[in-house]
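Heads up, the thing below is written out as structure tokens.
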Protein chains: 2
Amino acid sequence: MSTADATILLVDDHSVVREGYRSVLEKQPGLRVVAEASDGAEAYRLYKSEAPDLVIMDLSMPGIGGIEAVRRIRQRDKGAKILIFTMHQNAGFAVQAIRAGARGYVTKTSPPETLVRAVMDVLAGRIAISPDIDHELALSRLAGESSAADVLTPREFEVLRLLLAERTTEEIAETLHVSPKTVANLHSLIKDKLGVGSDIELVRLALRQGLLTQVDLGEA
Amino acid sequence: MSTADATILLVDDHSVVREGYRSVLEKQPGLRVVAEASDGAEAYRLYKSEAPDLVIMDLSMPGIGGIEAVRRIRQRDKGAKILIFTMHQNAGFAVQAIRAGARGYVTKTSPPETLVRAVMDVLAGRIAISPDIDHELALSRLAGESSAADVLTPREFEVLRLLLAERTTEEIAETLHVSPKTVANLHSLIKDKLGVGSDIELVRLALRQGLLTQVDLGEA
DNA sequence: ACGAACGCCGGGAAAATTTCACGACGTTGC
DNA sequence: GCAACGTCGTGAAATTTTCCCGGCGTTCGT
């Protein structure tokens, strides 16, 4: 393989799924998978040490999620090329990911060609969005639809995600390395921005917008 | 390849993910992937036409889900061997799947060896459960698996229902003709009885137990 | 280059809520 | 009849939420 091969870092918490990416990508000449990570923190570490040309990242992962990982990597390296590859066929997530600095968003239901095409596009400096998400975005645009993703800043959105996923304010503060006070302030601000008065309404809103899927309810 | 190869049908709505299964499985001698489906209905059709020795199936898919597909296949063929391979690390789902007739339940976070091992076990007629799910099941068994419905008194249950449906403590107090303070007391007691620390967890618990359905969320 | 605007972080203090301890009342059941 | 329990409520303490504030860094328009 040539020294001009584009190097790739895969990030997904399912090893068999990474095997799938790898299998598809390595059939393409000019691409080389050089590292794999199973969560956001590991992704950040490997990005620093490997400096890959492209990161392909899932969104839902334990600990710091994909959005936060994108934010951190881009904060360190403004030119980083990150392609989101996820099961979430949700325009709100796509908006957040792109805002955080991702250069592409492709759903896992897409055929392998779409993924390969997107990888090439992002490597060439273009933004890549899979057709189904294009459609979602078009629909939400047409509907006027002010979603959570539109009114919240990336940080707020990340905190919202963790509020829905984790347990206590303290735990969230720790994963984000900020003070519990900050999380509490953000929590309050989020409810204000979304126009809900209670946490219960907040969860209902998140459910309606597909931010929390019924199957994503975690352990018993 | 020998005619004694075990034939496999893969069912998952993510093509790149199927590529992962295939890559892992075909490294094993004696296994042969003979068909792929991307939803439950297609899985059923292909099961009938291909009569594979084993089906590896995801749970969350468009249209009829994995559980329903298992049920249909088993209804047609009581000896069908179906292994669930899913992201849902949830004991409840595992119980449902096994009850429906699946012979194994492995999470996608498991290493490839675990999947291969489970495939072999199921082909040999054994039930295969991945270690993390074993653990979940053990925990829920130990916890005595208390559902909201049986630890709460009728009044508490009613208040819970209203908490999920209405907006404020005051509104609930009015519909019940009691003081807001009483509602707050009950609210607190309910969280205590159900062992949750926050309203967010409370909603998640309610969702898991089917107390709040997605359709009940009002308008978009 | 500069100021304005905004996102992000968190302290302090007031306001509101949650939690706890306690008692009253009625019903059920042994 | 009396013990156990569900229901309702008060008051006070503990905790959380909310609001207001300033500091810091980045982006953006002029």
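To be explicit about the labels: the chains of the structure tokens are called A, B, and onward in the order shown, and within each one the residues are counted from 1, while ligands get numbers from 1 in the order they are shown.
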
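Chain B and chain A, identical in sequence, superpose over all their Cα atoms with an RMSD of 10.7 Å.
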
Near chain B, 9 Å: chain C residue rows, closest pairs, only C-alpha atoms (C1' of nucleotides), as JSON lines:
```
{"residue": "C:DT17", "atom": "C1'", "partner": "B:Ala184", "partner_atom": "CA", "distance": 8.7}
{"residue": "C:DT18", "atom": "C1'", "partner": "B:Ser188", "partner_atom": "CA", "distance": 7.1}
{"residue": "C:DT19", "atom": "C1'", "partner": "B:Ser188", "partner_atom": "CA", "distance": 7.4}
```

Write the selection just made, keeping N, CA, C and O atoms (P, O5', C5', C4', C3', O3' and C1' of nucleotides), as an mmCIF file, in the first residue's frame?
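Final output, saved to selection-v5.cif:
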```cif
data_model
loop_
_atom_site.group_PDB
_atom_site.id
_atom_site.type_symbol
_atom_site.label_atom_id
_atom_site.label_comp_id
_atom_site.auth_asym_id
_atom_site.auth_seq_id
_atom_site.Cartn_x
_atom_site.Cartn_y
_atom_site.Cartn_z
ATOM 1 P P DT C 17 -42.534 25.309 43.743
ATOM 2 O "O5'" DT C 17 -41.676 24.001 44.064
ATOM 3 C "C5'" DT C 17 -40.480 23.758 43.336
ATOM 4 C "C4'" DT C 17 -39.708 22.656 44.019
ATOM 5 C "C3'" DT C 17 -40.561 21.439 44.413
ATOM 6 O "O3'" DT C 17 -39.941 20.310 43.826
ATOM 7 C "C1'" DT C 17 -39.201 22.155 46.232
ATOM 8 P P DT C 18 -40.672 18.846 43.935
ATOM 9 O "O5'" DT C 18 -39.766 18.171 45.054
ATOM 10 C "C5'" DT C 18 -38.361 18.326 44.965
ATOM 11 C "C4'" DT C 18 -37.692 17.674 46.150
ATOM 12 C "C3'" DT C 18 -38.289 16.328 46.589
ATOM 13 O "O3'" DT C 18 -37.208 15.433 46.750
ATOM 14 C "C1'" DT C 18 -38.199 17.817 48.433
ATOM 15 P P DT C 19 -37.460 13.875 47.188
ATOM 16 O "O5'" DT C 19 -37.289 13.879 48.763
ATOM 17 C "C5'" DT C 19 -36.074 14.349 49.309
ATOM 18 C "C4'" DT C 19 -36.201 14.512 50.798
ATOM 19 C "C3'" DT C 19 -36.743 13.272 51.540
ATOM 20 O "O3'" DT C 19 -35.727 12.837 52.422
ATOM 21 C "C1'" DT C 19 -37.747 15.279 52.328
#
```

Skipping near chain neighbours, those fewer than 2 positions away, what residues fall within 12 Å of Asp13 of chain B using only C-alpha atoms (C1' of nucleotides), listed as a PyMOL selection string?
-> (chain A and resi 87+107-111) or (chain B and resi 10-11+15-19+36-43+57-66+86)

Based on the selection just made, write N, CA, C and O atoms of those residues as a short mmCIF file (atom, residue, chain, number, x, y, z; two decimals), in the first residue's frame.
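What landed in result29.cif:
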```cif
data_model
loop_
_atom_site.label_atom_id
_atom_site.label_comp_id
_atom_site.auth_asym_id
_atom_site.auth_seq_id
_atom_site.Cartn_x
_atom_site.Cartn_y
_atom_site.Cartn_z
N MET A 87 -26.88 4.93 14.09
CA MET A 87 -28.21 4.37 13.85
C MET A 87 -29.30 5.43 13.92
O MET A 87 -30.42 5.20 13.51
N THR A 107 -26.31 7.43 8.17
CA THR A 107 -26.99 6.46 9.03
C THR A 107 -26.55 5.04 8.69
O THR A 107 -26.19 4.74 7.57
N LYS A 108 -26.65 4.19 9.70
CA LYS A 108 -26.20 2.81 9.51
C LYS A 108 -27.11 2.02 8.59
O LYS A 108 -26.73 0.95 8.12
N THR A 109 -28.29 2.53 8.36
CA THR A 109 -29.16 1.82 7.40
C THR A 109 -28.70 2.04 5.96
O THR A 109 -29.18 1.37 5.07
N SER A 110 -27.81 2.97 5.76
CA SER A 110 -27.33 3.25 4.40
C SER A 110 -26.55 2.06 3.85
O SER A 110 -25.89 1.35 4.59
N PRO A 111 -26.61 1.85 2.53
CA PRO A 111 -25.80 0.78 1.92
C PRO A 111 -24.33 1.15 2.00
O PRO A 111 -23.99 2.33 2.10
N LEU B 10 -28.72 -14.10 8.18
CA LEU B 10 -28.45 -12.91 8.97
C LEU B 10 -29.60 -11.92 8.84
O LEU B 10 -30.05 -11.64 7.73
N VAL B 11 -30.05 -11.37 9.96
CA VAL B 11 -31.13 -10.40 9.91
C VAL B 11 -30.73 -9.16 10.71
O VAL B 11 -30.56 -9.21 11.94
N SER B 15 -26.75 -2.68 6.84
CA SER B 15 -25.99 -3.55 5.94
C SER B 15 -24.52 -3.64 6.34
O SER B 15 -23.91 -4.70 6.25
N VAL B 16 -23.98 -2.54 6.79
CA VAL B 16 -22.57 -2.57 7.16
C VAL B 16 -22.36 -3.46 8.39
O VAL B 16 -21.34 -4.11 8.55
N VAL B 17 -23.37 -3.47 9.24
CA VAL B 17 -23.29 -4.32 10.41
C VAL B 17 -23.36 -5.80 10.00
O VAL B 17 -22.63 -6.64 10.53
N ARG B 18 -24.21 -6.11 9.04
CA ARG B 18 -24.26 -7.50 8.54
C ARG B 18 -22.91 -7.91 7.99
O ARG B 18 -22.46 -9.04 8.17
N GLU B 19 -22.28 -6.94 7.37
CA GLU B 19 -20.93 -7.20 6.85
C GLU B 19 -20.00 -7.62 7.99
O GLU B 19 -19.15 -8.49 7.83
N GLU B 36 -29.34 -12.92 3.71
CA GLU B 36 -29.40 -11.76 4.60
C GLU B 36 -30.76 -11.09 4.44
O GLU B 36 -31.28 -10.99 3.33
N ALA B 37 -31.30 -10.62 5.55
CA ALA B 37 -32.57 -9.89 5.50
C ALA B 37 -32.41 -8.60 6.28
O ALA B 37 -31.58 -8.52 7.19
N SER B 38 -33.21 -7.60 5.92
CA SER B 38 -33.07 -6.32 6.61
C SER B 38 -34.30 -5.95 7.43
O SER B 38 -34.36 -4.90 8.03
N ASP B 39 -35.28 -6.84 7.47
CA ASP B 39 -36.40 -6.61 8.39
C ASP B 39 -37.07 -7.94 8.71
O ASP B 39 -36.75 -8.97 8.11
N GLY B 40 -38.01 -7.91 9.62
CA GLY B 40 -38.62 -9.14 10.11
C GLY B 40 -39.39 -9.89 9.04
O GLY B 40 -39.34 -11.12 8.96
N ALA B 41 -40.11 -9.15 8.21
CA ALA B 41 -40.93 -9.81 7.19
C ALA B 41 -40.05 -10.55 6.18
O ALA B 41 -40.31 -11.69 5.81
N GLU B 42 -38.99 -9.87 5.77
CA GLU B 42 -38.08 -10.49 4.81
C GLU B 42 -37.41 -11.71 5.46
O GLU B 42 -37.19 -12.73 4.81
N ALA B 43 -37.11 -11.60 6.73
CA ALA B 43 -36.49 -12.72 7.45
C ALA B 43 -37.40 -13.95 7.39
O ALA B 43 -36.95 -15.07 7.15
N MET B 57 -30.39 -12.73 14.55
CA MET B 57 -31.33 -11.64 14.35
C MET B 57 -31.15 -10.47 15.31
O MET B 57 -30.94 -10.67 16.50
N ASP B 58 -31.29 -9.29 14.76
CA ASP B 58 -31.31 -8.07 15.57
C ASP B 58 -32.73 -7.91 16.10
O ASP B 58 -33.68 -8.52 15.59
N LEU B 59 -32.89 -7.07 17.13
CA LEU B 59 -34.24 -6.86 17.67
C LEU B 59 -34.91 -5.63 17.07
O LEU B 59 -36.06 -5.68 16.64
N SER B 60 -34.21 -4.50 17.07
CA SER B 60 -34.85 -3.27 16.61
C SER B 60 -34.72 -3.11 15.11
O SER B 60 -33.65 -2.87 14.59
N MET B 61 -35.84 -3.29 14.45
CA MET B 61 -35.86 -3.18 13.00
C MET B 61 -37.17 -2.54 12.58
O MET B 61 -38.15 -2.60 13.31
N PRO B 62 -37.18 -1.92 11.41
CA PRO B 62 -38.42 -1.30 10.93
C PRO B 62 -39.49 -2.36 10.71
O PRO B 62 -39.18 -3.53 10.49
N GLY B 63 -40.73 -1.96 10.74
CA GLY B 63 -41.83 -2.89 10.53
C GLY B 63 -41.93 -3.85 11.70
O GLY B 63 -41.80 -3.45 12.85
N ILE B 64 -42.18 -5.13 11.43
CA ILE B 64 -42.29 -6.07 12.53
C ILE B 64 -40.91 -6.27 13.13
O ILE B 64 -39.92 -6.44 12.43
N GLY B 65 -40.83 -6.19 14.42
CA GLY B 65 -39.54 -6.26 15.10
C GLY B 65 -39.03 -7.69 15.23
O GLY B 65 -39.64 -8.64 14.75
N GLY B 66 -37.90 -7.82 15.89
CA GLY B 66 -37.25 -9.11 16.02
C GLY B 66 -38.07 -10.11 16.82
O GLY B 66 -38.18 -11.28 16.45
N THR B 86 -28.00 -8.20 19.59
CA THR B 86 -28.58 -6.86 19.65
C THR B 86 -27.78 -5.93 20.54
O THR B 86 -26.97 -6.37 21.35
#
```

Proximal residues of chain D relative to chain B (only C-alpha atoms (C1' of nucleotides); 9 Å) as an MDAnalysis selection string = chainID D and resid 6:9

Export of prior selection with C-alpha atoms (C1' of nucleotides) as a compact mmCIF listing (two decimals), in the first residue's frame:
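Full text of result-v7.txt as output:
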```
# COMPACT_ATOMS: atom_id res chain seq x y z
C1' DG D 6 -53.82 3.82 53.58
C1' DT D 7 -54.89 8.59 53.16
C1' DC D 8 -54.33 13.44 54.16
C1' DG D 9 -52.08 17.18 56.03
```

Do you have the atom CA of Val55 of chain B-atom CA of Thr114 of chain A distance handy?
-> 26.8 Å
